[in-house]
$ cat final.txt   # compact mmCIF, C-alpha atoms and all ligand atoms
# COMPACT_ATOMS: atom_id res chain seq x y z
CA MET U 1 -46.94 70.50 63.71
CA THR U 2 -46.09 67.16 62.18
CA THR U 3 -48.20 64.17 63.05
CA ILE U 4 -45.39 61.93 64.23
CA ASP U 5 -46.40 59.62 67.06
CA ARG U 6 -43.48 60.25 69.34
CA SER U 7 -44.61 58.33 72.41
CA ALA U 8 -45.35 54.95 70.84
CA GLY U 9 -43.00 52.02 70.61
CA PHE U 10 -39.52 51.04 71.70
CA LEU U 11 -36.23 50.81 69.87
CA HIS U 12 -35.44 47.41 71.46
CA ARG U 13 -38.83 46.36 72.81
CA GLU U 14 -37.81 42.98 74.20
CA ARG U 15 -34.82 44.27 76.12
CA GLU U 16 -36.36 47.53 77.31
CA THR U 17 -39.48 45.86 78.69
CA ALA U 18 -37.81 42.75 80.13
CA SER U 19 -38.92 41.44 83.52
CA ALA U 20 -36.73 41.91 86.60
CA ALA U 21 -35.60 38.28 86.33
CA GLU U 22 -34.73 38.70 82.64
CA TRP U 23 -32.77 41.87 83.41
CA GLN U 24 -30.88 40.05 86.14
CA SER U 25 -29.88 37.14 83.93
CA TYR U 26 -28.98 39.49 81.04
CA ASN U 27 -26.76 41.61 83.30
CA ASP U 28 -25.23 38.56 85.00
CA GLU U 29 -24.31 37.03 81.68
CA GLN U 30 -22.87 40.28 80.32
CA VAL U 31 -20.79 40.87 83.47
CA ARG U 32 -19.54 37.27 83.58
CA ASP U 33 -18.46 37.18 79.94
CA LEU U 34 -16.99 40.68 80.09
CA CYS U 35 -14.77 39.93 83.11
CA VAL U 36 -13.36 36.75 81.59
CA MET U 37 -12.69 38.44 78.24
CA ALA U 38 -11.29 41.65 79.74
CA TYR U 39 -8.94 39.76 82.06
CA ARG U 40 -7.57 37.92 79.05
CA GLU U 41 -7.39 40.83 76.59
CA ALA U 42 -6.90 44.03 78.64
CA PRO U 43 -3.66 44.18 80.67
CA ALA U 44 -5.03 46.98 82.89
CA VAL U 45 -8.01 44.85 83.89
CA LYS U 46 -5.75 41.85 84.55
CA LYS U 47 -3.62 44.00 86.86
CA ILE U 48 -6.65 45.34 88.77
CA PHE U 49 -7.94 41.79 89.29
CA ASP U 50 -4.51 40.38 90.22
CA ASP U 51 -3.77 43.21 92.69
CA ALA U 52 -7.11 42.59 94.39
CA GLY U 53 -6.59 38.81 94.36
CA ILE U 54 -9.63 38.20 92.15
CA ASP U 55 -9.94 35.31 89.74
CA PRO U 56 -12.20 36.31 86.80
CA ASP U 57 -14.08 33.04 87.24
CA ASP U 58 -15.11 34.29 90.70
CA ILE U 59 -17.27 36.96 89.08
CA ARG U 60 -20.44 35.00 88.44
CA GLY U 61 -22.71 38.00 88.00
CA THR U 62 -23.54 41.50 89.16
CA ALA U 63 -23.61 40.47 92.84
CA ASP U 64 -19.88 39.73 92.66
CA LEU U 65 -18.91 43.07 91.12
CA ALA U 66 -18.50 44.66 94.57
CA LYS U 67 -15.33 42.55 94.99
CA ILE U 68 -13.66 44.58 92.22
CA PRO U 69 -12.22 47.96 93.24
CA VAL U 70 -13.65 51.09 91.63
CA THR U 71 -11.37 52.79 89.07
CA SER U 72 -11.89 56.54 89.31
CA LYS U 73 -11.76 58.91 86.36
CA SER U 74 -8.55 60.46 87.72
CA ARG U 75 -7.01 56.98 88.05
CA LEU U 76 -7.93 56.27 84.42
CA ALA U 77 -6.10 59.46 83.39
CA GLU U 78 -3.04 58.32 85.38
CA LEU U 79 -3.07 54.86 83.84
CA GLN U 80 -3.35 56.36 80.36
CA ALA U 81 -0.43 58.71 81.06
CA GLU U 82 1.70 55.80 82.27
CA ASN U 83 0.75 53.60 79.35
CA PRO U 84 -0.56 55.69 76.44
CA PRO U 85 -2.92 55.95 74.79
CA PHE U 86 -5.50 53.83 76.60
CA GLY U 87 -3.76 52.67 79.78
CA GLY U 88 -4.03 48.98 78.91
CA PHE U 89 -7.83 48.94 78.66
CA LEU U 90 -8.10 48.68 74.87
CA THR U 91 -8.54 45.11 73.64
CA VAL U 92 -7.97 45.75 69.92
CA PRO U 93 -5.05 47.30 68.00
CA VAL U 94 -5.37 51.11 67.86
CA ASN U 95 -5.64 51.09 64.06
CA GLU U 96 -8.86 49.06 64.32
CA LEU U 97 -10.59 51.99 65.98
CA LYS U 98 -12.86 54.29 64.00
CA ARG U 99 -11.83 57.47 65.81
CA ILE U 100 -9.85 58.62 68.84
CA PHE U 101 -10.87 61.66 70.89
CA MET U 102 -9.32 63.59 73.73
CA SER U 103 -11.40 64.95 76.57
CA PRO U 104 -10.24 67.05 79.56
CA GLY U 105 -7.99 65.14 81.94
CA PRO U 106 -6.49 64.58 79.48
CA ILE U 107 -8.23 61.31 78.76
CA TYR U 108 -8.24 59.56 75.40
CA ASP U 109 -11.56 58.11 74.32
CA PRO U 110 -11.75 55.37 71.69
CA GLN U 111 -14.58 54.85 69.22
CA GLY U 112 -15.00 51.34 67.86
CA ARG U 113 -16.32 50.57 64.39
CA VAL U 114 -19.74 49.22 65.42
CA PRO U 115 -22.73 51.48 64.66
CA ASP U 116 -24.09 53.53 67.56
CA PHE U 117 -20.92 52.79 69.53
CA TRP U 118 -21.95 54.99 72.48
CA GLY U 119 -25.52 53.72 72.62
CA TRP U 120 -27.59 56.91 72.70
CA SER U 121 -30.15 55.69 70.15
CA GLU U 122 -32.29 53.94 72.77
CA GLY U 123 -32.54 57.24 74.65
CA PHE U 124 -33.29 59.31 71.54
CA TYR U 125 -36.06 56.93 70.57
CA ALA U 126 -37.52 56.95 74.08
CA ALA U 127 -37.53 60.74 73.99
CA GLY U 128 -39.50 60.66 70.73
CA PHE U 129 -36.92 61.17 67.97
CA ARG U 130 -38.08 59.47 64.77
CA PRO U 131 -36.61 59.00 61.25
CA GLN U 132 -38.68 61.96 59.95
CA ASP U 133 -36.78 64.42 62.15
CA VAL U 134 -34.31 67.04 60.96
CA VAL U 135 -32.04 67.66 63.93
CA ILE U 136 -29.47 70.31 64.78
CA ASN U 137 -26.67 68.86 66.86
CA THR U 138 -25.03 71.71 68.77
CA PHE U 139 -22.45 69.67 70.68
CA GLY U 140 -18.82 70.27 69.71
CA TYR U 141 -17.37 68.18 66.89
CA GLN U 142 -13.68 68.74 67.55
CA MET U 143 -11.34 66.82 69.81
CA THR U 144 -13.97 65.66 72.31
CA PRO U 145 -16.46 62.94 71.36
CA ALA U 146 -19.66 64.86 72.22
CA GLY U 147 -20.79 65.90 68.73
CA LEU U 148 -20.12 62.65 66.91
CA MET U 149 -21.26 60.61 69.88
CA PHE U 150 -24.78 61.98 69.49
CA GLU U 151 -24.69 62.18 65.71
CA GLU U 152 -23.95 58.48 65.28
CA SER U 153 -27.03 57.60 67.31
CA LEU U 154 -29.27 60.06 65.47
CA LEU U 155 -28.13 58.52 62.17
CA GLU U 156 -28.83 55.08 63.59
CA ILE U 157 -32.46 56.10 64.15
CA GLY U 158 -32.61 57.58 60.64
CA CYS U 159 -32.74 61.30 61.43
CA CYS U 160 -31.15 63.92 59.19
CA VAL U 161 -28.44 65.75 61.16
CA LEU U 162 -27.14 69.31 60.85
CA PRO U 163 -23.73 69.32 62.55
CA THR U 164 -23.88 72.94 63.69
CA GLY U 165 -21.76 72.64 66.82
CA VAL U 166 -21.89 75.20 69.57
CA GLY U 167 -22.09 78.98 69.12
CA ASN U 168 -23.35 81.34 66.41
CA THR U 169 -26.92 81.59 67.68
CA GLU U 170 -28.09 83.73 64.78
CA THR U 171 -27.09 81.08 62.24
CA GLN U 172 -28.72 78.41 64.38
CA VAL U 173 -31.99 80.37 64.29
CA GLN U 174 -31.80 80.83 60.53
CA LEU U 175 -31.08 77.15 59.94
CA MET U 176 -33.93 76.11 62.21
CA LYS U 177 -36.32 78.37 60.36
CA ASN U 178 -35.18 77.77 56.78
CA LEU U 179 -34.78 74.00 57.05
CA GLY U 180 -37.79 73.27 59.25
CA VAL U 181 -35.68 71.76 61.98
CA THR U 182 -37.81 69.59 64.32
CA GLY U 183 -35.18 68.28 66.73
CA PHE U 184 -32.43 69.76 68.90
CA VAL U 185 -29.48 68.10 70.62
CA GLY U 186 -27.22 70.05 72.96
CA MET U 187 -27.35 71.91 76.25
CA ALA U 188 -30.66 73.30 77.52
CA SER U 189 -29.07 76.61 78.47
CA PHE U 190 -27.83 76.98 74.89
CA LEU U 191 -31.27 76.22 73.50
CA ARG U 192 -32.65 79.00 75.69
CA LYS U 193 -29.98 81.34 74.30
CA ILE U 194 -30.98 80.46 70.74
CA GLY U 195 -34.63 81.20 71.61
CA GLU U 196 -33.68 84.57 73.07
CA LYS U 197 -31.73 85.39 69.90
CA ALA U 198 -34.72 84.38 67.77
CA ARG U 199 -36.92 86.84 69.66
CA GLU U 200 -34.36 89.59 69.10
CA MET U 201 -34.55 88.79 65.39
CA GLY U 202 -38.34 89.14 65.49
CA ILE U 203 -38.90 85.40 65.25
CA ASP U 204 -41.28 83.76 67.73
CA PRO U 205 -39.66 80.41 68.65
CA GLY U 206 -43.06 78.90 69.47
CA LYS U 207 -44.84 79.98 66.28
CA ASP U 208 -42.22 80.57 63.59
CA LEU U 209 -39.98 77.57 64.34
CA ARG U 210 -40.97 73.91 64.13
CA LEU U 211 -38.94 72.50 66.99
CA GLU U 212 -40.87 69.66 68.65
CA ILE U 213 -38.32 67.59 70.46
CA GLY U 214 -35.05 68.25 72.25
CA TYR U 215 -32.44 66.07 73.88
CA VAL U 216 -30.16 67.73 76.38
CA ALA U 217 -27.17 66.61 78.43
CA ALA U 218 -23.87 67.81 79.93
CA GLU U 219 -25.39 70.07 82.59
CA ILE U 220 -27.82 69.69 85.46
CA LEU U 221 -31.31 70.39 84.09
CA THR U 222 -33.43 72.22 86.64
CA ASP U 223 -37.22 71.99 86.48
CA ALA U 224 -37.35 75.76 85.97
CA LEU U 225 -34.98 75.71 82.96
CA ARG U 226 -36.83 72.79 81.39
CA ALA U 227 -40.21 74.49 81.84
CA GLU U 228 -38.91 77.76 80.42
CA VAL U 229 -37.45 76.18 77.29
CA GLU U 230 -40.41 73.87 76.68
CA ASP U 231 -42.73 76.82 76.96
CA MET U 232 -40.56 79.03 74.76
CA TYR U 233 -40.71 76.61 71.80
CA GLY U 234 -43.81 74.55 72.61
CA MET U 235 -41.64 71.44 72.60
CA THR U 236 -40.71 68.41 74.72
CA LEU U 237 -37.28 68.36 76.31
CA CYS U 238 -35.76 65.11 77.56
CA GLN U 239 -32.37 64.66 79.14
CA GLY U 240 -29.72 61.99 79.09
CA TYR U 241 -26.76 61.19 81.25
CA GLY U 242 -23.44 59.86 80.09
CA THR U 243 -19.72 60.56 79.94
CA ALA U 244 -17.10 60.97 77.24
CA ASP U 245 -15.47 57.72 78.38
CA CYS U 246 -18.64 55.64 78.43
CA GLY U 247 -21.32 57.16 76.21
CA CYS U 248 -24.94 56.84 77.28
CA LEU U 249 -25.50 55.60 80.82
CA ALA U 250 -29.11 56.63 81.40
CA TYR U 251 -31.88 58.42 79.55
CA GLU U 252 -35.29 59.91 80.15
CA CYS U 253 -38.44 58.65 78.53
CA ARG U 254 -41.34 61.01 77.86
CA GLU U 255 -42.59 60.55 81.43
CA LYS U 256 -39.59 62.71 82.46
CA ASN U 257 -39.48 61.16 85.91
CA GLY U 258 -35.89 59.90 86.06
CA MET U 259 -33.41 58.41 83.61
CA HIS U 260 -33.67 54.72 82.72
CA PHE U 261 -30.40 52.79 82.94
CA THR U 262 -29.01 51.90 79.53
CA SER U 263 -28.85 48.24 78.58
CA ASN U 264 -25.29 48.83 77.36
CA ALA U 265 -23.85 48.94 80.87
CA TYR U 266 -24.45 47.81 84.41
CA VAL U 267 -25.01 50.88 86.57
CA GLU U 268 -24.46 50.90 90.33
CA ILE U 269 -24.83 53.59 92.98
CA VAL U 270 -22.09 53.03 95.53
CA ASP U 271 -20.80 54.44 98.80
CA PRO U 272 -17.97 56.68 97.52
CA GLN U 273 -15.75 55.72 100.45
CA THR U 274 -16.18 51.94 100.50
CA GLY U 275 -17.27 51.23 96.91
CA GLN U 276 -20.11 49.06 98.21
CA PRO U 277 -23.44 49.19 96.32
CA LEU U 278 -26.28 51.17 97.87
CA GLY U 279 -30.02 50.57 97.66
CA PRO U 280 -32.81 52.57 96.01
CA GLY U 281 -33.07 56.18 97.16
CA GLU U 282 -29.62 56.28 98.77
CA PRO U 283 -27.35 58.92 97.21
CA GLY U 284 -23.92 57.75 96.12
CA GLU U 285 -21.44 57.68 93.26
CA VAL U 286 -22.49 56.44 89.82
CA VAL U 287 -20.21 53.49 89.03
CA VAL U 288 -20.54 51.70 85.71
CA THR U 289 -19.42 48.52 84.04
CA MET U 290 -19.52 48.99 80.28
CA PHE U 291 -20.62 46.04 78.15
CA ASN U 292 -18.07 47.15 75.61
CA PRO U 293 -15.68 44.45 74.42
CA ILE U 294 -13.09 46.81 72.95
CA TYR U 295 -12.81 49.15 75.94
CA PRO U 296 -14.00 47.23 78.99
CA LEU U 297 -14.21 49.75 81.80
CA ILE U 298 -15.21 47.64 84.79
CA ARG U 299 -16.54 49.50 87.84
CA PHE U 300 -15.55 52.88 86.46
CA GLY U 301 -16.24 55.66 88.97
CA THR U 302 -17.79 58.62 87.15
CA GLY U 303 -17.45 60.97 90.13
CA ASP U 304 -21.11 61.95 89.69
CA LEU U 305 -23.55 61.76 92.56
CA SER U 306 -27.02 60.33 92.04
CA ALA U 307 -29.59 57.89 93.43
CA TYR U 308 -31.88 55.39 91.75
CA THR U 309 -35.42 54.08 91.94
CA ASN U 310 -36.86 50.82 90.69
CA GLU U 311 -40.47 51.88 90.91
CA THR U 312 -42.40 51.09 87.73
CA CYS U 313 -42.54 53.72 84.97
CA ALA U 314 -45.70 54.39 82.96
CA CYS U 315 -43.72 54.21 79.69
CA GLY U 316 -43.38 50.43 80.05
CA ARG U 317 -39.59 50.44 80.25
CA THR U 318 -38.48 48.31 83.17
CA ALA U 319 -34.89 49.43 83.76
CA PRO U 320 -34.35 51.27 87.06
CA ARG U 321 -33.95 55.03 86.83
CA LEU U 322 -31.45 57.54 88.12
CA THR U 323 -33.62 60.03 89.95
CA ARG U 324 -31.37 62.96 89.13
CA ILE U 325 -27.73 63.95 88.98
CA MET U 326 -26.99 65.82 92.17
CA GLY U 327 -23.47 67.06 91.47
CA ARG U 328 -19.95 65.77 91.95
CA VAL U 329 -18.99 63.28 94.63
CA ASP U 330 -16.04 65.43 95.75
CA GLN U 331 -18.50 68.11 96.91
CA ILE U 332 -20.15 65.87 99.46
CA THR U 333 -19.63 65.94 103.19
CA LYS U 334 -20.31 62.96 105.41
CA VAL U 335 -22.28 63.87 108.52
CA LYS U 336 -23.17 61.17 111.07
CA GLY U 337 -22.48 58.59 108.39
CA MET U 338 -24.86 60.22 105.88
CA PHE U 339 -23.73 61.95 102.70
CA VAL U 340 -24.83 65.55 102.39
CA HIS U 341 -24.48 67.32 99.05
CA PRO U 342 -25.12 71.04 98.51
CA SER U 343 -27.77 70.25 95.90
CA GLN U 344 -29.79 68.20 98.40
CA ALA U 345 -29.68 71.11 100.83
CA ASP U 346 -30.67 73.50 98.01
CA GLN U 347 -33.73 71.39 97.38
CA VAL U 348 -34.82 71.53 101.02
CA VAL U 349 -34.25 75.29 101.26
CA ALA U 350 -36.06 75.96 97.97
CA ALA U 351 -39.34 75.09 99.71
CA PHE U 352 -38.84 78.10 102.03
CA PRO U 353 -38.90 81.24 99.87
CA GLN U 354 -38.58 83.44 102.96
CA VAL U 355 -34.97 82.21 103.31
CA ALA U 356 -32.56 84.60 101.57
CA ARG U 357 -29.32 82.64 102.02
CA TYR U 358 -28.13 79.67 103.97
CA GLN U 359 -24.98 77.89 104.98
CA ILE U 360 -24.52 74.57 106.71
CA VAL U 361 -21.75 74.41 109.31
CA VAL U 362 -20.62 70.98 110.43
CA THR U 363 -18.90 70.76 113.80
CA ARG U 364 -17.97 67.98 116.16
CA GLU U 365 -18.65 67.93 119.89
CA GLN U 366 -18.12 64.99 122.21
CA ASN U 367 -17.45 62.67 119.28
CA SER U 368 -20.68 63.55 117.61
CA ASP U 369 -21.31 65.52 114.41
CA ILE U 370 -23.51 68.58 114.59
CA MET U 371 -25.06 70.05 111.46
CA THR U 372 -26.16 73.66 111.87
CA PHE U 373 -28.24 75.47 109.26
CA ASN U 374 -27.56 79.21 109.46
CA LEU U 375 -30.37 81.06 107.72
CA GLU U 376 -30.49 84.68 106.61
CA MET U 377 -34.13 85.63 106.19
CA LYS U 378 -35.84 87.93 103.69
CA GLU U 379 -38.49 88.49 106.33
CA GLN U 380 -38.58 87.40 109.94
CA PRO U 381 -41.22 84.73 110.58
CA ALA U 382 -44.12 85.82 112.82
CA ASP U 383 -43.65 82.69 114.90
CA GLU U 384 -39.94 81.91 114.92
CA GLU U 385 -40.23 78.67 116.89
CA ALA U 386 -42.88 77.28 114.58
CA PHE U 387 -40.77 78.17 111.54
CA ILE U 388 -37.69 76.45 112.99
CA ARG U 389 -39.75 73.35 113.78
CA GLU U 390 -41.10 73.26 110.24
CA PHE U 391 -37.67 73.84 108.68
CA SER U 392 -36.06 71.15 110.87
CA ALA U 393 -38.72 68.66 109.83
CA ALA U 394 -38.05 69.41 106.16
CA VAL U 395 -34.31 68.87 106.67
CA GLN U 396 -34.92 65.57 108.46
CA ASP U 397 -37.17 64.52 105.63
CA GLY U 398 -34.76 65.55 102.87
CA LEU U 399 -31.36 64.79 104.38
CA LYS U 400 -32.27 62.15 106.99
CA LEU U 401 -30.39 64.18 109.60
CA ARG U 402 -31.57 66.25 112.54
CA PRO U 403 -30.21 69.79 112.23
CA VAL U 404 -29.68 72.73 114.53
CA VAL U 405 -31.42 75.72 112.89
CA ARG U 406 -30.36 79.30 113.61
CA LEU U 407 -31.72 82.50 112.14
CA VAL U 408 -28.74 84.82 111.69
CA PRO U 409 -28.56 88.53 110.82
CA ALA U 410 -28.32 89.49 107.15
CA GLY U 411 -24.70 89.62 105.97
CA SER U 412 -23.33 87.22 108.59
CA ILE U 413 -22.87 84.28 106.22
CA ALA U 414 -19.45 84.47 104.60
CA ASP U 415 -19.63 85.25 100.89
CA ASP U 416 -17.31 82.41 99.88
CA GLY U 417 -19.90 80.47 97.93
CA LYS U 418 -19.61 77.47 100.25
CA LYS U 419 -22.96 75.91 101.00
CA ILE U 420 -21.38 73.50 103.47
CA ARG U 421 -18.53 74.51 105.77
CA ASP U 422 -16.83 71.63 107.50
CA GLU U 423 -15.26 72.88 110.75
CA ARG U 424 -14.62 69.50 112.29
CA GLN U 425 -11.20 68.87 113.78
CA TRP U 426 -9.93 65.32 113.50
CA ASP U 427 -7.25 64.07 115.88
ZN ZN U 501 -40.05 55.49 81.51

$ encode --input "final.txt" --output "structure tokens" --more "lines below"
Ligand SMILES: [Zn+2]
Amino acid sequence: MTTIDRSAGFLHRERETASAAEWQSYNDEQVRDLCVMAYREAPAVKKIFDDAGIDPDDIRGTADLAKIPVTSKSRLAELQAENPPFGGFLTVPVNELKRIFMSPGPIYDPQGRVPDFWGWSEGFYAAGFRPQDVVINTFGYQMTPAGLMFEESLLEIGCCVLPTGVGNTETQVQLMKNLGVTGFVGMASFLRKIGEKAREMGIDPGKDLRLEIGYVAAEILTDALRAEVEDMYGMTLCQGYGTADCGCLAYECREKNGMHFTSNAYVEIVDPQTGQPLGPGEPGEVVVTMFNPIYPLIRFGTGDLSAYTNETCACGRTAPRLTRIMGRVDQITKVKGMFVHPSQADQVVAAFPQVARYQIVVTREQNSDIMTFNLEMKEQPADEEAFIREFSAAVQDGLKLRPVVRLVPAGSIADDGKKIRDERQWD
């Protein structure tokens, strides 16, 4: 093991540890300046403001952002198709860009010429990456921005990067071993695959490799997967959250208890139907306003579902944290005014190992929504009533809704993969 102190320090101490009042004035100033500039320089932003009857001078700070409609990812793709390549959002001539990428949609993603354009370095540093690290970057380097997006930030910190891209696990193992690789960037499931390959090759990932730190993104990281990989290599795994359009939006520190908002954007959690901001703990869509003068996405709807907390974090960073990414907004169902996502239900059910399978059926009777949990059991509870009471209480706690709970015979839940079936009829 190296003797690098990975938990000490901050990349931008002053900003990352700012007080709530300092954060507020920083965000207000960024939002105010961005809206005025974007209205002047980006025709797409001008049109959004004009259509909504908004004067850029009316946006005095983050509290006024809710006046601006959310632009969804699919809308961005449409605008780009109508007005290629960037839909009127780019504020500089195309030839002043450093690179242009294409991600599925198709959506074109610009890279400006400033260092660390996508802003992942803060997250890498918080996770414990240091200049002494030799890092394999297993994100793809072609067409989509993923690979270079992370590489630029690793270089900014001073790490040495091996641009291995995805695939070829045997070569990845050999490189890790021969070059004393200490850091990994990529998907956690891929890192597990590399570890499995190493074992096949007679190499113990924990003893024969020197991996100490990993940074993962692009998939939902379960506690089980994280624990498995950390244990496999004897390493620390932190995750980040971002998109190809925006770059880093939130990142974990070594406390691993949620992802701190980046200081490169203003992050909101909003009601996906009304676009209005929600408070701490309330699940909603992640909507971001990028403090990016060349590509000012203002209230960009990522389509991802999350919630945030502003409880203090032991690391000393003061930015609020996304608690976790729960899935896509288009998978949610609204029941009695509350959003229910399959992943929230999964979490509740996971506490009851005696449940084999479940499905939620939402119906409507006398103008009222009814949420029924149908449960197929591995074993019948000795006291069925007590079990149903306990399960109902867990649902009320987790989903803030009172369910009907039914134990159904094995095989009666349709095998269509739907965790939530909406059977409501709307007149
Ligand atoms: Zn923290």

$ atom_distance --input "final.txt" --atom1 "atom CA of U:Arg254" --atom2 "atom CA of U:Phe129"
10.8 Å

$ residues_near_ligand --input "final.txt" --ligand "ligand ZN 501 (chain U)" --cutoff "6 Å" --atoms "only C-alpha atoms and all ligand atoms" --output "list in words"
Cys253, Glu255, Cys313, Ala314, Cys315 and Arg317 of chain U

$ residues_around --input "final.txt" --residues "U:Tyr241" --least-positions-apart "4" --cutoff "8 Å" --atoms "only C-alpha atoms" --output "PDB file with C-alpha atoms, in the frame of the given file"
ATOM      1  CA  ALA U 217     -27.170  66.610  78.430  1.00  0.00           C
ATOM      2  CA  ALA U 218     -23.870  67.810  79.930  1.00  0.00           C
ATOM      3  CA  CYS U 248     -24.940  56.840  77.280  1.00  0.00           C
ATOM      4  CA  LEU U 249     -25.500  55.600  80.820  1.00  0.00           C
ATOM      5  CA  ALA U 250     -29.110  56.630  81.400  1.00  0.00           C
ATOM      6  CA  TYR U 251     -31.880  58.420  79.550  1.00  0.00           C
ATOM      7  CA  MET U 259     -33.410  58.410  83.610  1.00  0.00           C
TER       8      MET U 259
END

$ closest_residue --input "final.txt" --among "U:Leu162, U:Ala265, U:Ala77, U:Ile220" --to "U:Gly119" --atoms "only C-alpha atoms"
U:Ala265

$ residues_near_point --input "final.txt" --point "(-37.0, 68.7, 71.5)" --cutoff "9 Å" --atoms "only C-alpha atoms" --output "NGL selection string"
:U and (127-129 or 182-185 or 211-216 or 230 or 233 or 235-238)

$ atom_distance --input "final.txt" --atom1 "atom CA of U:Thr289" --atom2 "atom CA of U:Val31"
7.8 Å

$ closest_residue --input "final.txt" --among "U:Leu297, U:Leu11, U:Met290, U:Val181" --to "U:Phe89" --atoms "only C-alpha atoms"
U:Leu297

$ closest_residue --input "final.txt" --among "U:Pro353, U:Gly417, U:Pro277, U:Pro296" --to "U:Met37" --atoms "only C-alpha atoms"
U:Pro296

$ closest_residue --input "final.txt" --among "U:Gly303, U:Gly9, U:Pro93, U:Pro115" --to "U:Thr71" --atoms "all atoms listed in the file"
U:Gly303

$ decode --input "final.txt" --residues "stretch 250-264 of chain U" --atoms "N, CA and C atoms" --output "PDB file, in the first residue's frame"
ATOM      1  N   ALA U 250     -22.954  15.786  -9.315  1.00  0.00           N
ATOM      2  CA  ALA U 250     -22.839  15.493  -7.882  1.00  0.00           C
ATOM      3  C   ALA U 250     -21.812  14.383  -7.698  1.00  0.00           C
ATOM      4  N   TYR U 251     -21.178  14.375  -6.521  1.00  0.00           N
ATOM      5  CA  TYR U 251     -20.129  13.380  -6.294  1.00  0.00           C
ATOM      6  C   TYR U 251     -20.084  12.999  -4.821  1.00  0.00           C
ATOM      7  N   GLU U 252     -19.668  11.757  -4.588  1.00  0.00           N
ATOM      8  CA  GLU U 252     -19.509  11.284  -3.219  1.00  0.00           C
ATOM      9  C   GLU U 252     -18.167  11.705  -2.654  1.00  0.00           C
ATOM     10  N   CYS U 253     -18.165  11.972  -1.356  1.00  0.00           N
ATOM     11  CA  CYS U 253     -16.910  12.095  -0.628  1.00  0.00           C
ATOM     12  C   CYS U 253     -16.649  10.734   0.010  1.00  0.00           C
ATOM     13  N   ARG U 254     -15.612  10.642   0.830  1.00  0.00           N
ATOM     14  CA  ARG U 254     -15.267   9.322   1.384  1.00  0.00           C
ATOM     15  C   ARG U 254     -16.225   8.863   2.486  1.00  0.00           C
ATOM     16  N   GLU U 255     -17.150   9.746   2.885  1.00  0.00           N
ATOM     17  CA  GLU U 255     -18.194   9.307   3.829  1.00  0.00           C
ATOM     18  C   GLU U 255     -19.199   8.386   3.130  1.00  0.00           C
ATOM     19  N   LYS U 256     -19.295   8.495   1.814  1.00  0.00           N
ATOM     20  CA  LYS U 256     -20.181   7.639   1.007  1.00  0.00           C
ATOM     21  C   LYS U 256     -21.626   7.653   1.512  1.00  0.00           C
ATOM     22  N   ASN U 257     -22.095   8.839   1.843  1.00  0.00           N
ATOM     23  CA  ASN U 257     -23.463   8.938   2.361  1.00  0.00           C
ATOM     24  C   ASN U 257     -24.304   9.909   1.529  1.00  0.00           C
ATOM     25  N   GLY U 258     -24.144   9.848   0.230  1.00  0.00           N
ATOM     26  CA  GLY U 258     -24.845  10.781  -0.663  1.00  0.00           C
ATOM     27  C   GLY U 258     -23.837  11.543  -1.497  1.00  0.00           C
ATOM     28  N   MET U 259     -24.318  12.188  -2.561  1.00  0.00           N
ATOM     29  CA  MET U 259     -23.416  12.850  -3.499  1.00  0.00           C
ATOM     30  C   MET U 259     -23.561  14.368  -3.412  1.00  0.00           C
ATOM     31  N   HIS U 260     -22.486  15.032  -2.994  1.00  0.00           N
ATOM     32  CA  HIS U 260     -22.506  16.494  -2.872  1.00  0.00           C
ATOM     33  C   HIS U 260     -22.770  17.144  -4.236  1.00  0.00           C
ATOM     34  N   PHE U 261     -23.622  18.172  -4.225  1.00  0.00           N
ATOM     35  CA  PHE U 261     -23.851  18.934  -5.463  1.00  0.00           C
ATOM     36  C   PHE U 261     -22.541  19.573  -5.891  1.00  0.00           C
ATOM     37  N   THR U 262     -22.292  19.584  -7.190  1.00  0.00           N
ATOM     38  CA  THR U 262     -21.135  20.286  -7.726  1.00  0.00           C
ATOM     39  C   THR U 262     -21.323  21.789  -7.572  1.00  0.00           C
ATOM     40  N   SER U 263     -20.208  22.510  -7.534  1.00  0.00           N
ATOM     41  CA  SER U 263     -20.324  23.971  -7.514  1.00  0.00           C
ATOM     42  C   SER U 263     -20.352  24.531  -8.934  1.00  0.00           C
ATOM     43  N   ASN U 264     -20.354  23.648  -9.926  1.00  0.00           N
ATOM     44  CA  ASN U 264     -20.400  24.101 -11.325  1.00  0.00           C
ATOM     45  C   ASN U 264     -21.808  24.210 -11.877  1.00  0.00           C
TER      46      ASN U 264
END
